[in-house]
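First up is the structure itself, then whatever we jot down about it.
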Amino acid sequence: MNISIIGSGYVGLVTGVCLAELGNKVICADSDAKKIKGLKKNIVPIYEPGLEELIASNVKNKRLKFTSSIKEAVLKSEVIFIAVGTPSLENGEADLTGIENVAQNIAKYMDGYRLIVEKSTVPVETCFWIKKTIAANLKNKYKFDVVSNPEFLKEGSAINDFNYPDRIIVGLESIKAREMITSIYKPLNKPILITNIKSAELIKHASNAFLATKISFINAVSQLCDKVGADVTEVARGMGLDNRIGKYFLHAGLGYGGSCFPKDLDAFINIADKLGVDFKLLKAVRQTNIQQLEFFLKKVKNSLWMVKSKTIGVLGLSFKPNTDDLRNAPAIYLIRALEKEGAKIKAYDPKAMAKAKPLLKNVVFCKDAYSACRGVDCLIIATEWNEFKELDFVKVKKLLRRPLIIDGRNIYDPAALQALGFTYLGVGKNG
Ligand code: UGA
């Protein structure tokens with residue numbers, strides 16, 4: 001099929017290149033001409049494992065191209081995916097001006113039937129408004145369908161998530177739309193759940209909110225574990241063995257970050273409020289997430305006694321491994337808070353340092369993890385990159401001024417590090 005993706009950000013690029021890989025002819029469009037110019041030269045604006053190579057091979061096979069012309073994208077495709085950003089406004093509400101703009105442009109340029117697939121994360125009823133906006137701006141009465149097809153890709157494993165989804169959700173209301181969208185996803189051979197449009201929109205927000213709830217729940221439990229001397233990893237394992245609970249998203253840590261959970265939770269709470277539903281549970285989830293970082297910060301302060309004039313090594317800056325994304329990254333919050341107290345920070349991240357440099361002007365960025373350990377009073381693990389799991393701790397101990405490791409991601413075995421003479425503090429395992 002001829003498919004256009006409007007919005008070449010994280011979701012748009014991954015979706016576009018994966019649909020091209022399935023054999024479609026895909027045009028990825030974006031109003032940011034600089035980004036498109038870069039993409040045409042295979043300069044990919046984000047780090048996502050495998051993405052650059054996949055883009056290069058699909059461009060070479062002429063299945064994928066880039067344009068800054070929305071007109072070209074609309075004219076040359078029968079299916080248009082909307083994947084523009086929906087950032088948070090001050091009050092937490094999702095800013096849908098990008099979506100409205102795309103809908104107006106689709107209406108302006110379409111010259112026959114189009115299937116419009118809404119993929120950006122949006123509040124319930126957005127598809128209704130997209131439909132209304134297109135209808136109101138159409139010059140000729142061309143037919144079109146709007147479907148809601150939320151995405152569930154995770155940064156760092158997005159290509160794999162696209163190819164092996166647990167489920168594909170599509171909210172739709174016409175047979176033609178059903179036939180077209182199911183034929184696009186058929187090669188994946190995965191279950192497609194067809195729902196009404198509003199249900200599909202709600203499934204996305206409800207899923208992210210539920211996952212955030214699991215994280216905040218286990219983080220609150222980790223604080224209890226710290227108080228009584230239990231081990232949150234054991235508690236989570238014991239809970240997760242119950243199939244009704246499940247083992248995923250029960251890793252206690254520094255709280256959830258990234259571009260999705262914090263924003264989507266705000267938007268979900270906001271739309272619920274607007275509809276007259278006071279979703280108190282989610283407000284508590286959000287509050288617990290903030291509290292978890294404060295709790296960790298207190299742990300760092302207590303173990304150093306005076307933070308002022310101490311040098312602290314921080315391993316990991318991105319909000320999670322395998323990405324260079326720093327949006328709502330707990331590491332950034334921690335570093336700023338510790339600097340405010342007068343600490344000097346040395347940091348290392350395998351992929352996110354270029355993006356971190358403009359945000360953290362006083363931090364000393366190191367060439368590797370060992371350099372970040374040299375002469376510091378304490379080492380904090382803020383992101384669980386695999387390479388941090390394989391450090392040579394005999395070497396690390398020699399480099400640290402004081403053998404204190406505060407592990408915000410619980411990636412080490414406390415007993416092993418204690419046996420080497422470290423003071424080790426994890427999350428929810430230090431009674
Ligand atoms: C999340 C969802 O998992 C995707 O399904 C969804 O498509 C995406 O948002 C989106 O809406 O676009 P993502 O934000 O990329 O994906 O990353 P996750 O792997 O879900 O992690 C989110 C945050 O939760 C990270 O800060 C991570 O460190 C934290 N987390 C995750 C925990 O603290 N504990 C866990 O057990 C799991």
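Each chain in the structure tokens gets a letter, A, B, ..., in the order shown, and its residues are numbered from 1; ligands are numbered from 1 in order too.
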
Which protein, DNA or RNA residues have an atom within 9 Å of ligand 1, counting only C-alpha atoms and all ligand atoms, as an MDAnalysis selection string? chainID A and resid 10:11 120:121 150:158 161 204:205 207:208 211:212 214:216 218:219 247:264 318:321 323 328:330 383:384 409

Shell of 10 Å around stretch 164-169 of chain A, only C-alpha atoms, local chain residues under 4 positions omitted, as a compact mmCIF listing (two decimals) with C-alpha atoms, in the first residue's frame:
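Generated file (around.txt):
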# COMPACT_ATOMS: atom_id res chain seq x y z
CA SER A 148 -7.85 4.88 16.20
CA ASN A 149 -4.77 2.65 16.27
CA PRO A 150 -2.82 3.39 19.46
CA GLU A 151 0.81 2.38 19.59
CA PHE A 152 2.45 0.42 22.39
CA LEU A 153 6.11 0.71 21.37
CA ALA A 158 10.55 -0.22 19.53
CA ILE A 159 11.33 -2.18 16.36
CA ASN A 160 10.93 -5.49 18.12
CA THR A 182 -6.27 -5.52 8.84
CA TYR A 185 -1.10 -5.63 9.84
CA LEU A 188 2.62 -9.60 11.50
CA ASN A 189 0.24 -12.50 12.16
CA LYS A 190 -0.73 -11.15 15.60
CA PRO A 191 -4.13 -10.77 17.27
CA ILE A 192 -6.00 -7.67 16.18
CA LEU A 193 -8.66 -6.46 18.58
CA ILE A 194 -11.30 -4.42 16.79
CA THR A 195 -13.26 -2.08 19.06
CA ILE A 197 -13.19 4.19 18.32
CA SER A 199 -12.70 2.28 23.44
CA ALA A 200 -9.48 2.13 21.41
CA GLU A 201 -8.57 5.65 22.49
CA ILE A 203 -7.24 1.49 25.89
CA LYS A 204 -4.07 3.47 25.23

Could you list, as a PyMOL selection string, every residue within 8 Å of A:Leu75, counting only C-alpha atoms and ignoring same-chain residues fewer than 5 positions away? chain A and resi 109-111

What's the 12 Å shell around A:Gly23, counting only C-alpha atoms, without same-chain residues fewer than 4 positions away, as a PyMOL selection string? chain A and resi 1-3+16-19+58+61-64+183-188

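When only C-alpha atoms are used to compute distances to A:Glu341, the closest of the residues A:Val300, A:Leu317, A:Ile5, A:Leu417 turns out to be A:Val300.
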
Spatial neighbours of A:Ser174, max dist 8 Å, only C-alpha atoms, sep filter under 3 positions, as a list of chain:residue names: A:Asp145, A:Ala177, A:Arg178

Prev. selection, all heavy atoms, output as a PDB file, in the first residue's frame:
ATOM      1  N   ASP A 145     -12.299   7.595   6.140  1.00  0.00           N
ATOM      2  CA  ASP A 145     -12.548   6.955   7.439  1.00  0.00           C
ATOM      3  C   ASP A 145     -11.444   7.373   8.388  1.00  0.00           C
ATOM      4  O   ASP A 145     -10.296   7.550   7.975  1.00  0.00           O
ATOM      5  CB  ASP A 145     -12.511   5.425   7.303  1.00  0.00           C
ATOM      6  CG  ASP A 145     -13.798   4.882   6.708  1.00  0.00           C
ATOM      7  OD1 ASP A 145     -14.856   5.068   7.333  1.00  0.00           O
ATOM      8  OD2 ASP A 145     -13.734   4.277   5.614  1.00  0.00           O
ATOM      9  N   ALA A 177     -12.677   0.405   6.217  1.00  0.00           N
ATOM     10  CA  ALA A 177     -11.547   0.713   7.105  1.00  0.00           C
ATOM     11  C   ALA A 177     -11.010  -0.578   7.721  1.00  0.00           C
ATOM     12  O   ALA A 177      -9.801  -0.788   7.808  1.00  0.00           O
ATOM     13  CB  ALA A 177     -11.989   1.687   8.197  1.00  0.00           C
ATOM     14  N   ARG A 178     -11.918  -1.437   8.098  1.00  0.00           N
ATOM     15  CA  ARG A 178     -11.524  -2.714   8.718  1.00  0.00           C
ATOM     16  C   ARG A 178     -10.681  -3.552   7.756  1.00  0.00           C
ATOM     17  O   ARG A 178      -9.628  -4.073   8.114  1.00  0.00           O
ATOM     18  CB  ARG A 178     -12.799  -3.474   9.120  1.00  0.00           C
ATOM     19  CG  ARG A 178     -12.544  -4.740   9.858  1.00  0.00           C
ATOM     20  CD  ARG A 178     -13.855  -5.506  10.054  1.00  0.00           C
ATOM     21  NE  ARG A 178     -13.601  -6.683  10.823  1.00  0.00           N
ATOM     22  CZ  ARG A 178     -14.144  -6.948  12.005  1.00  0.00           C
ATOM     23  NH1 ARG A 178     -14.995  -6.120  12.540  1.00  0.00           N
ATOM     24  NH2 ARG A 178     -13.848  -8.050  12.641  1.00  0.00           N
TER      25      ARG A 178
END
